[in-house]
$ cat run.csv   # CSV, C-alpha atoms
chain,number,residue,atom,x,y,z
A,1173,MET,CA,21.5,15.7,-4.1
A,1174,ILE,CA,20.1,19.1,-2.9
A,1175,ILE,CA,18.8,17.5,0.3
A,1176,ASN,CA,19.8,14.4,2.2
A,1177,ILE,CA,17.3,11.6,1.9
A,1178,PRO,CA,17.7,8.9,4.6
A,1179,GLU,CA,18.2,5.3,3.3
A,1180,ASN,CA,15.0,3.4,3.0
A,1181,SER,CA,12.9,6.6,3.2
A,1182,ASP,CA,9.3,6.2,2.0
A,1183,PHE,CA,9.8,9.5,0.3
A,1184,SER,CA,12.7,8.8,-2.0
A,1185,ILE,CA,13.6,10.6,-5.2
A,1186,HIS,CA,11.5,8.0,-7.0
A,1187,ASN,CA,8.3,9.0,-5.2
A,1188,ILE,CA,7.6,12.8,-5.0
A,1189,PRO,CA,4.0,12.5,-3.6
A,1190,PHE,CA,1.7,15.5,-3.2
A,1191,GLY,CA,0.0,16.8,-0.1
A,1192,ILE,CA,-1.3,19.8,1.8
A,1193,PHE,CA,0.7,21.1,4.7
A,1194,SER,CA,1.0,24.1,7.0
A,1195,THR,CA,3.5,25.4,9.6
A,1196,ALA,CA,3.4,28.2,12.2
A,1197,ASP,CA,4.2,30.7,9.5
A,1198,ARG,CA,2.9,29.1,6.3
A,1199,SER,CA,-0.8,28.8,5.5
A,1200,PRO,CA,-2.1,25.4,4.2
A,1201,ARG,CA,-0.6,24.9,0.7
A,1202,ALA,CA,0.7,22.3,-1.7
A,1203,GLY,CA,4.0,20.5,-1.1
A,1204,VAL,CA,5.8,17.3,-1.9
A,1205,ALA,CA,7.5,15.0,0.5
A,1206,ILE,CA,11.2,14.3,0.1
A,1207,GLY,CA,13.0,12.4,2.8
A,1208,GLU,CA,12.3,14.0,6.1
A,1209,HIS,CA,11.4,17.3,4.5
A,1210,ILE,CA,8.6,18.9,2.5
A,1211,LEU,CA,9.3,21.0,-0.5
A,1212,ASP,CA,7.0,24.1,-0.4
A,1213,LEU,CA,5.5,24.3,-3.9
A,1214,VAL,CA,4.2,27.9,-3.3
A,1215,ALA,CA,7.7,29.0,-2.5
A,1216,VAL,CA,9.1,27.2,-5.5
A,1217,ALA,CA,6.4,28.9,-7.7
A,1218,GLU,CA,7.8,32.3,-6.6
A,1219,LEU,CA,10.9,31.4,-8.5
A,1220,ASP,CA,8.8,31.6,-11.7
A,1221,VAL,CA,9.7,28.1,-12.9
A,1222,PHE,CA,6.2,26.8,-13.6
A,1223,ASP,CA,4.2,27.4,-16.8
A,1224,PHE,CA,0.7,27.2,-15.3
A,1225,ASN,CA,-1.4,29.4,-13.0
A,1226,THR,CA,0.3,28.7,-9.7
A,1227,ALA,CA,-2.5,30.1,-7.7
A,1228,VAL,CA,-3.8,26.5,-7.5
A,1229,LEU,CA,-0.8,25.7,-5.3
A,1230,GLU,CA,-2.1,28.1,-2.6
A,1231,LYS,CA,-5.4,26.4,-2.2
A,1232,GLU,CA,-6.2,24.3,0.9
A,1233,VAL,CA,-6.8,21.2,-1.3
A,1234,LEU,CA,-5.1,19.8,-4.4
A,1235,ASN,CA,-8.3,19.4,-6.5
A,1236,ASP,CA,-7.6,22.5,-8.7
A,1237,PHE,CA,-3.9,21.4,-9.2
A,1238,ILE,CA,-5.0,17.9,-10.1
A,1239,SER,CA,-7.5,19.4,-12.6
A,1240,LEU,CA,-4.6,20.7,-14.6
A,1241,GLY,CA,-4.2,17.2,-15.9
A,1242,LYS,CA,-1.4,14.7,-15.8
A,1243,GLU,CA,0.6,16.4,-18.5
A,1244,ILE,CA,1.2,19.2,-16.1
A,1245,THR,CA,1.2,17.4,-12.7
A,1246,ASN,CA,3.6,14.7,-14.1
A,1247,LYS,CA,5.9,17.4,-15.4
A,1248,VAL,CA,6.0,19.1,-12.0
A,1249,ARG,CA,7.0,15.8,-10.4
A,1250,LYS,CA,9.7,15.1,-13.0
A,1251,ASP,CA,11.1,18.7,-12.8
A,1252,ILE,CA,11.4,18.4,-9.0
A,1253,GLN,CA,13.2,15.0,-9.4
A,1254,HIS,CA,15.6,16.7,-11.8
A,1255,TRP,CA,16.1,19.8,-9.7
A,1256,LEU,CA,16.8,17.8,-6.5
A,1257,GLN,CA,19.5,15.8,-8.2
A,1258,ASP,CA,21.2,18.9,-9.8
A,1259,ASP,CA,23.5,20.8,-7.5
A,1260,ASP,CA,23.2,23.8,-9.7
A,1261,SER,CA,19.4,23.8,-10.0
A,1262,ILE,CA,17.0,26.5,-8.9
A,1263,LEU,CA,16.6,24.7,-5.6
A,1264,ALA,CA,20.3,24.9,-4.7
A,1265,GLY,CA,21.3,27.0,-1.7
A,1266,LYS,CA,17.7,27.8,-0.8
A,1267,PRO,CA,16.9,26.1,2.5
A,1268,GLU,CA,13.8,28.3,2.9
A,1269,LEU,CA,12.1,26.2,0.3
A,1270,PHE,CA,12.2,23.2,2.6
A,1271,VAL,CA,10.3,22.5,5.8
A,1272,LEU,CA,10.9,19.5,8.2
A,1273,GLN,CA,8.0,17.2,8.2
A,1274,SER,CA,8.2,17.0,12.0
A,1275,GLU,CA,7.5,20.8,12.1
A,1276,ALA,CA,4.5,20.7,9.7
A,1277,LYS,CA,0.9,19.9,10.2
A,1278,MET,CA,-0.6,17.7,7.4
A,1279,HIS,CA,-4.2,18.3,6.2
A,1280,MET,CA,-6.7,16.5,4.0
A,1281,PRO,CA,-5.0,16.5,0.6
A,1282,VAL,CA,-8.2,16.7,-1.5
A,1283,TYR,CA,-11.8,17.7,-1.1
A,1284,ILE,CA,-13.6,14.4,-1.4
A,1285,GLY,CA,-17.1,14.9,-2.9
A,1286,ASP,CA,-17.9,11.2,-3.2
A,1287,TYR,CA,-16.6,8.0,-1.7
A,1288,THR,CA,-17.1,4.4,-2.9
A,1289,ASP,CA,-15.9,1.4,-1.0
A,1290,PHE,CA,-15.3,-1.9,-2.8
A,1291,TYR,CA,-15.1,-5.4,-1.5
A,1292,SER,CA,-12.4,-6.8,-3.7
A,1293,SER,CA,-10.2,-9.2,-1.7
A,1294,ILE,CA,-11.3,-12.8,-2.3
A,1295,GLU,CA,-9.6,-13.9,0.9
A,1296,HIS,CA,-11.4,-11.3,3.0
A,1297,ALA,CA,-14.8,-11.9,1.4
A,1298,THR,CA,-14.3,-15.7,1.9
A,1299,ASN,CA,-13.4,-15.3,5.5
A,1300,VAL,CA,-16.4,-13.1,6.3
A,1301,GLY,CA,-18.6,-15.5,4.3
A,1302,LYS,CA,-17.4,-18.4,6.4
A,1303,MET,CA,-18.1,-16.6,9.6
A,1304,PHE,CA,-21.5,-15.1,8.9
A,1305,ARG,CA,-23.0,-17.3,6.2
A,1306,ASP,CA,-22.4,-20.8,4.9
A,1307,PRO,CA,-18.7,-22.0,5.1
A,1308,ALA,CA,-19.3,-24.2,2.1
A,1309,ASN,CA,-20.6,-21.3,0.0
A,1310,ALA,CA,-18.7,-18.4,1.5
A,1311,LEU,CA,-18.9,-16.2,-1.6
A,1312,LEU,CA,-22.2,-14.9,-2.8
A,1313,PRO,CA,-23.1,-15.9,-6.4
A,1314,ASN,CA,-22.3,-12.4,-7.8
A,1315,TRP,CA,-18.9,-12.0,-6.2
A,1316,LYS,CA,-16.7,-13.3,-9.0
A,1317,HIS,CA,-18.7,-11.5,-11.7
A,1318,ILE,CA,-18.8,-7.9,-10.4
A,1319,PRO,CA,-16.5,-5.8,-8.2
A,1320,VAL,CA,-19.0,-5.5,-5.4
A,1321,GLY,CA,-19.1,-2.0,-3.8
A,1322,TYR,CA,-21.3,0.6,-2.1
A,1323,HIS,CA,-21.5,4.3,-1.9
A,1324,GLY,CA,-20.2,5.6,1.4
A,1325,ARG,CA,-20.2,8.8,3.4
A,1326,ALA,CA,-17.5,11.3,2.4
A,1327,SER,CA,-17.9,14.0,5.1
A,1328,SER,CA,-16.4,11.7,7.8
A,1329,ILE,CA,-13.2,10.9,5.9
A,1330,ILE,CA,-10.4,12.6,7.9
A,1331,ALA,CA,-6.6,12.9,7.8
A,1332,SER,CA,-4.2,10.7,9.6
A,1333,GLY,CA,-3.6,11.7,13.2
A,1334,GLU,CA,-7.1,13.0,14.1
A,1335,PRO,CA,-8.5,10.9,17.0
A,1336,ILE,CA,-12.0,9.4,16.8
A,1337,HIS,CA,-14.6,8.6,19.5
A,1338,ARG,CA,-15.9,5.1,19.7
A,1339,PRO,CA,-19.2,5.0,17.8
A,1340,LYS,CA,-22.6,4.3,19.4
A,1341,GLY,CA,-25.5,2.5,17.9
A,1342,GLN,CA,-28.0,-0.4,18.1
A,1343,THR,CA,-26.7,-3.9,18.6
A,1344,ILE,CA,-28.4,-7.2,19.2
A,1345,PRO,CA,-27.2,-9.1,22.2
A,1346,PRO,CA,-26.6,-12.9,21.9
A,1347,ASP,CA,-29.8,-14.9,22.5
A,1348,SER,CA,-32.0,-11.8,22.3
A,1349,ASN,CA,-34.4,-10.6,19.7
A,1350,GLN,CA,-34.5,-7.0,21.1
A,1351,PRO,CA,-31.8,-4.5,20.3
A,1352,VAL,CA,-29.9,-2.4,22.9
A,1353,PHE,CA,-28.3,1.0,22.4
A,1354,GLY,CA,-24.7,1.9,23.4
A,1355,PRO,CA,-21.0,2.1,22.4
A,1356,SER,CA,-19.8,-0.5,19.9
A,1357,GLN,CA,-18.1,-3.4,21.6
A,1358,ARG,CA,-16.6,-4.6,18.4
A,1359,LEU,CA,-14.7,-1.7,16.9
A,1360,ASP,CA,-12.4,-2.8,14.1
A,1361,PHE,CA,-10.0,-1.4,11.6
A,1362,GLU,CA,-10.0,-2.3,7.9
A,1363,LEU,CA,-6.7,-2.3,6.1
A,1364,GLU,CA,-7.4,-0.7,2.7
A,1365,MET,CA,-5.9,1.4,0.0
A,1366,GLY,CA,-7.7,4.1,-1.8
A,1367,PHE,CA,-7.3,5.7,-5.2
A,1368,ILE,CA,-8.3,9.3,-6.1
A,1369,THR,CA,-9.6,10.3,-9.5
A,1370,GLY,CA,-8.0,13.1,-11.4
A,1371,LYS,CA,-10.5,13.8,-14.1
A,1372,ASN,CA,-14.3,14.5,-14.3
A,1373,THR,CA,-16.8,12.7,-16.5
A,1374,ASN,CA,-20.3,13.7,-17.5
A,1375,LEU,CA,-23.4,11.8,-16.6
A,1376,GLY,CA,-24.0,9.0,-19.1
A,1377,GLU,CA,-20.3,8.5,-19.9
A,1378,SER,CA,-18.4,5.3,-19.1
A,1379,ILE,CA,-14.7,4.7,-18.6
A,1380,SER,CA,-13.1,1.5,-20.1
A,1381,THR,CA,-10.5,-0.6,-18.4
A,1382,ASP,CA,-8.0,0.7,-21.0
A,1383,GLU,CA,-8.8,4.3,-20.1
A,1384,ALA,CA,-9.1,3.9,-16.3
A,1385,GLU,CA,-5.5,4.7,-15.4
A,1386,ASP,CA,-5.7,8.1,-17.2
A,1387,TYR,CA,-8.5,8.9,-14.7
A,1388,ILE,CA,-6.6,7.8,-11.5
A,1389,PHE,CA,-4.3,10.5,-10.1
A,1390,GLY,CA,-2.8,8.5,-7.2
A,1391,MET,CA,-3.2,6.4,-4.1
A,1392,VAL,CA,-3.4,6.7,-0.3
A,1393,LEU,CA,-3.6,4.3,2.6
A,1394,LEU,CA,-7.1,4.0,4.0
A,1395,ASN,CA,-8.3,2.8,7.4
A,1396,ASP,CA,-11.9,2.2,6.9
A,1397,TRP,CA,-13.1,1.7,10.5
A,1398,SER,CA,-15.9,-0.7,11.1
A,1399,ALA,CA,-18.2,-1.3,14.1
A,1400,ARG,CA,-18.9,-5.0,13.6
A,1401,ASP,CA,-21.7,-5.5,16.1
A,1402,ILE,CA,-23.6,-2.5,14.8
A,1403,GLN,CA,-23.1,-3.7,11.3
A,1404,LYS,CA,-24.4,-7.2,12.0
A,1405,TRP,CA,-27.7,-5.8,13.2
A,1406,GLU,CA,-28.2,-3.1,10.5
A,1407,TYR,CA,-26.7,-4.3,7.3
A,1408,VAL,CA,-29.7,-6.4,6.1
A,1409,PRO,CA,-31.3,-5.4,3.7
A,1410,LEU,CA,-29.4,-2.2,2.5
A,1411,GLY,CA,-25.8,-2.8,3.7
A,1412,PRO,CA,-23.4,-0.6,5.7
A,1413,PHE,CA,-24.7,2.5,7.5
A,1414,LEU,CA,-23.8,3.6,11.0
A,1415,ALA,CA,-21.3,0.8,11.3
A,1416,LYS,CA,-19.2,2.5,8.6
A,1417,ASN,CA,-20.1,6.2,8.3
A,1418,PHE,CA,-18.6,7.5,11.7
A,1419,ALA,CA,-15.0,7.8,10.4
A,1420,SER,CA,-12.4,6.7,7.8
A,1421,HIS,CA,-8.8,7.9,7.9
A,1422,ILE,CA,-6.5,8.4,4.9
A,1423,SER,CA,-2.8,9.0,4.8
A,1424,PRO,CA,-1.9,12.6,3.9
A,1425,TRP,CA,0.5,12.1,0.9
A,1426,ILE,CA,-1.0,11.1,-2.5
A,1427,VAL,CA,1.5,8.8,-4.3
A,1428,THR,CA,1.0,9.2,-8.0
A,1429,LEU,CA,0.2,6.2,-10.2
A,1430,GLU,CA,3.3,7.0,-12.2
A,1431,ALA,CA,5.5,6.6,-9.1
A,1432,LEU,CA,4.0,3.1,-8.6
A,1433,HIS,CA,4.6,2.0,-12.2
A,1434,PRO,CA,7.7,-0.1,-11.4
A,1435,PHE,CA,5.7,-2.2,-9.0
A,1436,ARG,CA,3.0,-3.5,-11.4
A,1437,VAL,CA,2.3,-7.2,-11.2
A,1438,SER,CA,-0.3,-9.6,-12.5
A,1439,GLY,CA,-3.3,-10.3,-10.2
A,1440,PRO,CA,-5.0,-13.5,-9.3
A,1441,VAL,CA,-6.5,-15.5,-12.2
A,1442,GLN,CA,-10.1,-14.5,-12.6
A,1443,ASN,CA,-12.3,-17.6,-13.0
A,1444,PRO,CA,-15.0,-17.6,-14.3
A,1445,LYS,CA,-14.1,-15.4,-17.2
A,1446,VAL,CA,-15.3,-11.8,-16.7
A,1447,LEU,CA,-17.8,-10.0,-19.0
A,1448,PRO,CA,-16.2,-8.1,-21.9
A,1449,TYR,CA,-16.4,-4.6,-20.2
A,1450,LEU,CA,-14.3,-5.9,-17.3
A,1451,GLU,CA,-11.6,-7.5,-19.5
A,1452,PHE,CA,-8.2,-5.8,-19.4
A,1453,ASP,CA,-4.7,-6.0,-20.9
A,1454,GLY,CA,-1.4,-5.9,-19.0
A,1455,GLU,CA,-0.5,-5.9,-15.3
A,1456,LYS,CA,-3.0,-4.0,-13.3
A,1457,ASN,CA,-2.1,-5.1,-9.7
A,1458,TYR,CA,0.6,-3.5,-7.6
A,1459,ASP,CA,3.1,-5.1,-5.2
A,1460,ILE,CA,2.7,-2.8,-2.2
A,1461,LYS,CA,3.7,-4.2,1.2
A,1462,LEU,CA,1.3,-3.3,4.0
A,1463,GLU,CA,1.3,-3.6,7.8
A,1464,VAL,CA,-0.9,-2.7,10.7
A,1465,GLY,CA,0.2,-2.0,14.3
A,1466,ILE,CA,-1.7,-1.5,17.5
A,1467,SER,CA,-0.3,0.7,20.1
A,1468,PRO,CA,-2.1,0.5,23.5
A,1469,GLU,CA,-2.1,3.7,25.5
A,1470,GLY,CA,1.3,4.0,27.2
A,1471,SER,CA,2.7,0.9,25.6
A,1472,GLU,CA,4.8,-0.3,22.7
A,1473,GLU,CA,3.3,-1.0,19.3
A,1474,GLN,CA,2.6,-4.6,18.3
A,1475,VAL,CA,2.5,-5.3,14.6
A,1476,VAL,CA,-0.5,-7.6,14.0
A,1477,CYS,CA,-0.8,-7.8,10.2
A,1478,HIS,CA,1.5,-8.1,7.2
A,1479,SER,CA,-0.4,-8.0,3.9
A,1480,ASN,CA,0.0,-6.8,0.3
A,1481,PHE,CA,-2.1,-4.9,-2.2
A,1482,LYS,CA,-1.1,-7.4,-4.9
A,1483,TYR,CA,-3.6,-9.9,-3.5
A,1484,MET,CA,-6.7,-8.0,-4.8
A,1485,TYR,CA,-8.9,-10.1,-7.0
A,1486,TRP,CA,-10.5,-7.0,-8.7
A,1487,ASN,CA,-8.1,-4.3,-9.8
A,1488,MET,CA,-8.6,-0.5,-9.9
A,1489,ALA,CA,-9.2,-0.4,-13.6
A,1490,GLN,CA,-12.0,-2.9,-13.3
A,1491,GLN,CA,-13.4,-1.1,-10.3
A,1492,LEU,CA,-13.6,2.2,-12.2
A,1493,ALA,CA,-14.9,0.6,-15.3
A,1494,HIS,CA,-17.7,-1.1,-13.4
A,1495,HIS,CA,-18.5,2.0,-11.4
A,1496,THR,CA,-19.1,4.0,-14.5
A,1497,VAL,CA,-20.5,1.4,-16.9
A,1498,ASN,CA,-24.0,2.6,-16.1
A,1499,GLY,CA,-23.2,6.2,-16.8
A,1500,CYS,CA,-22.4,7.3,-13.3
A,1501,ASN,CA,-20.3,10.4,-13.4
A,1502,ILE,CA,-17.1,10.9,-11.4
A,1503,ASN,CA,-15.3,14.0,-10.2
A,1504,ILE,CA,-11.7,15.1,-9.4
A,1505,GLY,CA,-11.0,14.2,-5.8
A,1506,ASP,CA,-13.4,11.3,-5.4
A,1507,LEU,CA,-12.1,8.4,-3.3
A,1508,TYR,CA,-12.4,4.7,-4.0
A,1509,GLY,CA,-11.6,2.2,-1.3
A,1510,SER,CA,-10.2,-1.2,-2.2
A,1511,GLY,CA,-12.1,-3.1,0.5
A,1512,THR,CA,-10.2,-4.9,3.3
A,1513,ILE,CA,-6.9,-6.4,2.0
A,1514,SER,CA,-6.3,-9.9,3.3
A,1515,GLY,CA,-3.9,-12.5,2.1
A,1516,LYS,CA,-3.9,-16.3,2.5
A,1517,ASP,CA,-1.9,-16.5,5.7
A,1518,GLU,CA,-3.5,-15.7,9.0
A,1519,ASN,CA,-1.0,-12.9,9.8
A,1520,SER,CA,-2.0,-11.2,6.5
A,1521,TYR,CA,-5.7,-10.7,7.4
A,1522,GLY,CA,-6.6,-7.1,7.2
A,1523,SER,CA,-9.1,-6.8,10.1
A,1524,MET,CA,-9.4,-7.8,13.7
A,1525,LEU,CA,-12.5,-9.7,12.8
A,1526,GLU,CA,-10.3,-12.1,10.8
A,1527,LEU,CA,-7.1,-11.9,12.8
A,1528,ALA,CA,-8.8,-12.8,16.1
A,1529,TRP,CA,-11.4,-14.8,14.2
A,1530,MET,CA,-14.6,-13.2,15.7
A,1531,GLY,CA,-12.9,-13.0,19.1
A,1532,THR,CA,-12.0,-16.7,19.4
A,1533,LYS,CA,-8.3,-16.2,18.9
A,1534,PRO,CA,-7.3,-13.0,20.9
A,1535,LEU,CA,-4.1,-11.2,19.8
A,1536,LYS,CA,-1.3,-10.6,22.4
A,1537,MET,CA,0.0,-7.1,22.9
A,1538,LYS,CA,3.6,-6.3,24.1
A,1539,ASP,CA,2.2,-5.2,27.4
A,1540,GLY,CA,0.7,-8.6,28.0
A,1541,SER,CA,-2.9,-7.5,27.3
A,1542,GLU,CA,-5.1,-9.2,24.7
A,1543,ARG,CA,-7.2,-7.8,21.8
A,1544,LYS,CA,-10.3,-9.3,20.2
A,1545,PHE,CA,-11.2,-5.9,18.9
A,1546,ILE,CA,-9.9,-2.3,19.3
A,1547,GLN,CA,-10.1,-0.8,22.8
A,1548,ASP,CA,-10.3,2.8,23.9
A,1549,GLY,CA,-6.8,4.3,24.1
A,1550,ASP,CA,-5.5,2.1,21.3
A,1551,THR,CA,-3.7,3.8,18.3
A,1552,VAL,CA,-4.0,1.9,15.1
A,1553,ILE,CA,-1.1,2.6,12.6
A,1554,MET,CA,-1.0,1.4,9.0
A,1555,ARG,CA,2.0,1.6,6.7
A,1556,GLY,CA,2.7,0.8,3.1
A,1557,TYR,CA,5.6,0.8,0.7
A,1558,ALA,CA,6.8,-0.8,-2.6
A,1559,GLU,CA,10.3,-1.8,-3.2
A,1560,LYS,CA,12.2,-3.2,-6.2
A,1561,GLY,CA,15.9,-3.2,-6.4
A,1562,ASP,CA,17.1,0.2,-5.2
A,1563,ILE,CA,13.7,1.8,-5.9
A,1564,ARG,CA,11.5,2.4,-2.9
A,1565,VAL,CA,8.2,4.3,-2.9
A,1566,GLY,CA,6.2,4.6,0.3
A,1567,PHE,CA,3.1,6.1,1.7
A,1568,GLY,CA,4.2,7.0,5.2
A,1569,GLU,CA,1.5,6.0,7.6
A,1570,VAL,CA,-2.1,6.6,8.5
A,1571,SER,CA,-2.7,6.5,12.3
A,1572,ALA,CA,-5.4,7.4,14.7
A,1573,LYS,CA,-6.2,7.0,18.4
A,1574,VAL,CA,-9.6,5.7,19.6
A,1575,LEU,CA,-11.2,7.8,22.4
A,1576,PRO,CA,-14.1,6.6,24.6
A,1577,ALA,CA,-17.6,7.1,23.2
A,1578,LYS,CA,-19.0,10.6,23.8
$ encode --input "run.csv" --output "structure tokens"
Amino acid sequence: MIINIPENSDFSIHNIPFGIFSTADRSPRAGVAIGEHILDLVAVAELDVFDFNTAVLEKEVLNDFISLGKEITNKVRKDIQHWLQDDDSILAGKPELFVLQSEAKMHMPVYIGDYTDFYSSIEHATNVGKMFRDPANALLPNWKHIPVGYHGRASSIIASGEPIHRPKGQTIPPDSNQPVFGPSQRLDFELEMGFITGKNTNLGESISTDEAEDYIFGMVLLNDWSARDIQKWEYVPLGPFLAKNFASHISPWIVTLEALHPFRVSGPVQNPKVLPYLEFDGEKNYDIKLEVGISPEGSEEQVVCHSNFKYMYWNMAQQLAHHTVNGCNINIGDLYGSGTISGKDENSYGSMLELAWMGTKPLKMKDGSERKFIQDGDTVIMRGYAEKGDIRVGFGEVSAKVLPAK
């Protein structure tokens, strides 16, 4: 192996995810994560080993590289895998091609023109329905027939590590019919995964479930922050607005769908039977282990959630097919959130709303403090990885600190 990869690294030889990085002496550019290092693709391109216009690797986002198509992007990934394992390859004896991740700054990997957030975990939707509606009829009548979603704000999606300020807005105090204005008292994380599209379509075109994976370039971790008290007051009749548009964080490395192929599994049985355009063949869910930790300022992290992407009721192929069945066009770099990922066990719930059950079951931190929702100074960290035999493919983490309201 050209470079040492620590055991159990998220960024094994089986992964090779793409991202945008910079260092003190390297402008933002494309790279791939390998172990604790980043392989600088611009530097590799100078060795004249790629058969495409490598100017795309010098861009500050990956959109133009992704636009080359999977035939090229997959070949780049496979070539790198081969070179890293060949002691006589073009990478051998060239330490200048590699940068330590600890010495690099990560940037947004793509320009996101549009963002859609789905609501595709049946456990999460059921829990929320029990809390806010009728426990006996937790799911709305449409939920098992369509992958419910909404169009979100793309401008406030930011890269891991960038702190956010607590959002402000209108809330309705208990036993009052008049709203008040101020900082959210119920700031929450939402454990999600996101997929990024790698091809454009024209207005009027649809993508079938069979074709969908050709249009999905790869996946990221997504913390889709939520201000529950603002949301409760504003979401009727048009749905999420200020409670969701203040910030969402994504992990900086895009793990390709091809790297996740070994971890395909069957999803939950869908009953009632879906309409024909949502039918699909094969295994479309992915066994990706997920966890969430909360690190209070100056204190140790407490892991509060262990979940898994395989729990999703609606899969990505169905989401994309539904999204485009009306002729909605999509673009390279668009982001699609899974919706909060919750499992059946209480420790697998993907939000504080569920974990602390609307504040009635506070979570204990390692410093002795309790959490009903996220407090100022808290850092929320999400991690994800897939493992099968000796193959491990991970996402690293998405983390962010919450600062007081401005």
$ residues_near_point --input "run.csv" --point "(-19.6, 5.8, -17.2)" --cutoff "9 Å" --atoms "all atoms listed in the file" --output "tab-separated table (two decimals) with C-alpha atoms, keeping the file's coordinate frame"
chain	number	residue	atom	x	y	z
A	1373	THR	CA	-16.80	12.70	-16.50
A	1374	ASN	CA	-20.30	13.70	-17.50
A	1375	LEU	CA	-23.40	11.80	-16.60
A	1376	GLY	CA	-24.00	9.00	-19.10
A	1377	GLU	CA	-20.30	8.50	-19.90
A	1378	SER	CA	-18.40	5.30	-19.10
A	1379	ILE	CA	-14.70	4.70	-18.60
A	1380	SER	CA	-13.10	1.50	-20.10
A	1492	LEU	CA	-13.60	2.20	-12.20
A	1493	ALA	CA	-14.90	0.60	-15.30
A	1494	HIS	CA	-17.70	-1.10	-13.40
A	1495	HIS	CA	-18.50	2.00	-11.40
A	1496	THR	CA	-19.10	4.00	-14.50
A	1497	VAL	CA	-20.50	1.40	-16.90
A	1498	ASN	CA	-24.00	2.60	-16.10
A	1499	GLY	CA	-23.20	6.20	-16.80
A	1500	CYS	CA	-22.40	7.30	-13.30
A	1501	ASN	CA	-20.30	10.40	-13.40
A	1502	ILE	CA	-17.10	10.90	-11.40
$ atom_distance --input "run.csv" --atom1 "atom CA of A:Leu1256" --atom2 "atom CA of A:Met1173"
5.7 Å
$ residues_around --input "run.csv" --residues "stretch 1309-1317 of chain A" --least-positions-apart "2" --cutoff "8 Å" --atoms "only C-alpha atoms" --output "NGL selection string"
:A and (1297-1302 or 1305-1307 or 1319-1320 or 1442-1444 or 1446-1447)
$ residues_around --input "run.csv" --residues "A:Tyr1508" --least-positions-apart "6" --cutoff "7 Å" --atoms "all atoms listed in the file" --output "PyMOL selection string"
chain A and resi 1287-1289+1366-1368
$ atom_distance --input "run.csv" --atom1 "atom CA of A:Lys1404" --atom2 "atom CA of A:Pro1576"
21.3 Å
$ closest_residue --input "run.csv" --among "A:Gly1191, A:Gly1531, A:Gly1561, A:Gly1321" --to "A:Ser1292" --atoms "all atoms listed in the file"
A:Gly1321
$ atom_distance --input "run.csv" --atom1 "atom CA of A:Tyr1458" --atom2 "atom CA of A:Val1427"
12.8 Å
$ closest_residue --input "run.csv" --among "A:Asn1503, A:Thr1226, A:Asn1395, A:Gln1403" --to "A:Gly1556" --atoms "all atoms listed in the file"
A:Asn1395
$ closest_residue --input "run.csv" --among "A:Val1204, A:Ala1217, A:Ile1174, A:Leu1272" --to "A:Gln1257" --atoms "all atoms listed in the file"
A:Ile1174
$ residues_around --input "run.csv" --residues "stretch 1472-1482 of chain A" --least-positions-apart "2" --cutoff "8 Å" --atoms "only C-alpha atoms" --output "ChimeraX atom specification"
/A:1365,1437-1439,1457-1468,1470,1484,1513-1515,1519-1522,1527,1535,1537-1539
$ closest_residue --input "run.csv" --among "A:Glu1218, A:Trp1405, A:Arg1198, A:Gly1324" --to "A:Ile1262" --atoms "all atoms listed in the file"
A:Glu1218
$ closest_residue --input "run.csv" --among "A:Leu1263, A:Val1214, A:Ala1431, A:Ile1504" --to "A:Asn1235" --atoms "only C-alpha atoms"
A:Ile1504
$ residues_near_point --input "run.csv" --point "(-7.9, 15.3, -9.2)" --cutoff "9 Å" --atoms "all atoms listed in the file" --output "list in words"
Leu1234, Asn1235, Asp1236, Phe1237, Ile1238, Ser1239, Leu1240, Gly1241, Val1282, Ile1368, Thr1369, Gly1370, Lys1371, Asn1372, Tyr1387, Ile1388, Phe1389, Gly1390, Asn1503, Ile1504, Gly1505 and Asp1506 of chain A
$ closest_residue --input "run.csv" --among "A:Ser1327, A:Ile1244, A:Glu1362, A:Lys1560" --to "A:Phe1222" --atoms "all atoms listed in the file"
A:Ile1244
$ residues_around --input "run.csv" --residues "A:Lys1340" --least-positions-apart "5" --cutoff "8 Å" --atoms "all atoms listed in the file" --output "VMD selection string"
chain A and resid 1353 to 1356 1577
$ write_last_selection --input "run.csv" --atoms "C-alpha atoms" --output "mmCIF file, in the coordinates of the input"
data_model
loop_
_atom_site.group_PDB
_atom_site.id
_atom_site.type_symbol
_atom_site.label_atom_id
_atom_site.label_comp_id
_atom_site.auth_asym_id
_atom_site.auth_seq_id
_atom_site.Cartn_x
_atom_site.Cartn_y
_atom_site.Cartn_z
ATOM 1 C CA PHE A 1353 -28.300 1.000 22.400
ATOM 2 C CA GLY A 1354 -24.700 1.900 23.400
ATOM 3 C CA PRO A 1355 -21.000 2.100 22.400
ATOM 4 C CA SER A 1356 -19.800 -0.500 19.900
ATOM 5 C CA ALA A 1577 -17.600 7.100 23.200
#
$ residues_around --input "run.csv" --residues "stretch 1532-1534 of chain A" --least-positions-apart "3" --cutoff "7 Å" --atoms "all atoms listed in the file" --output "count of residues only"
5
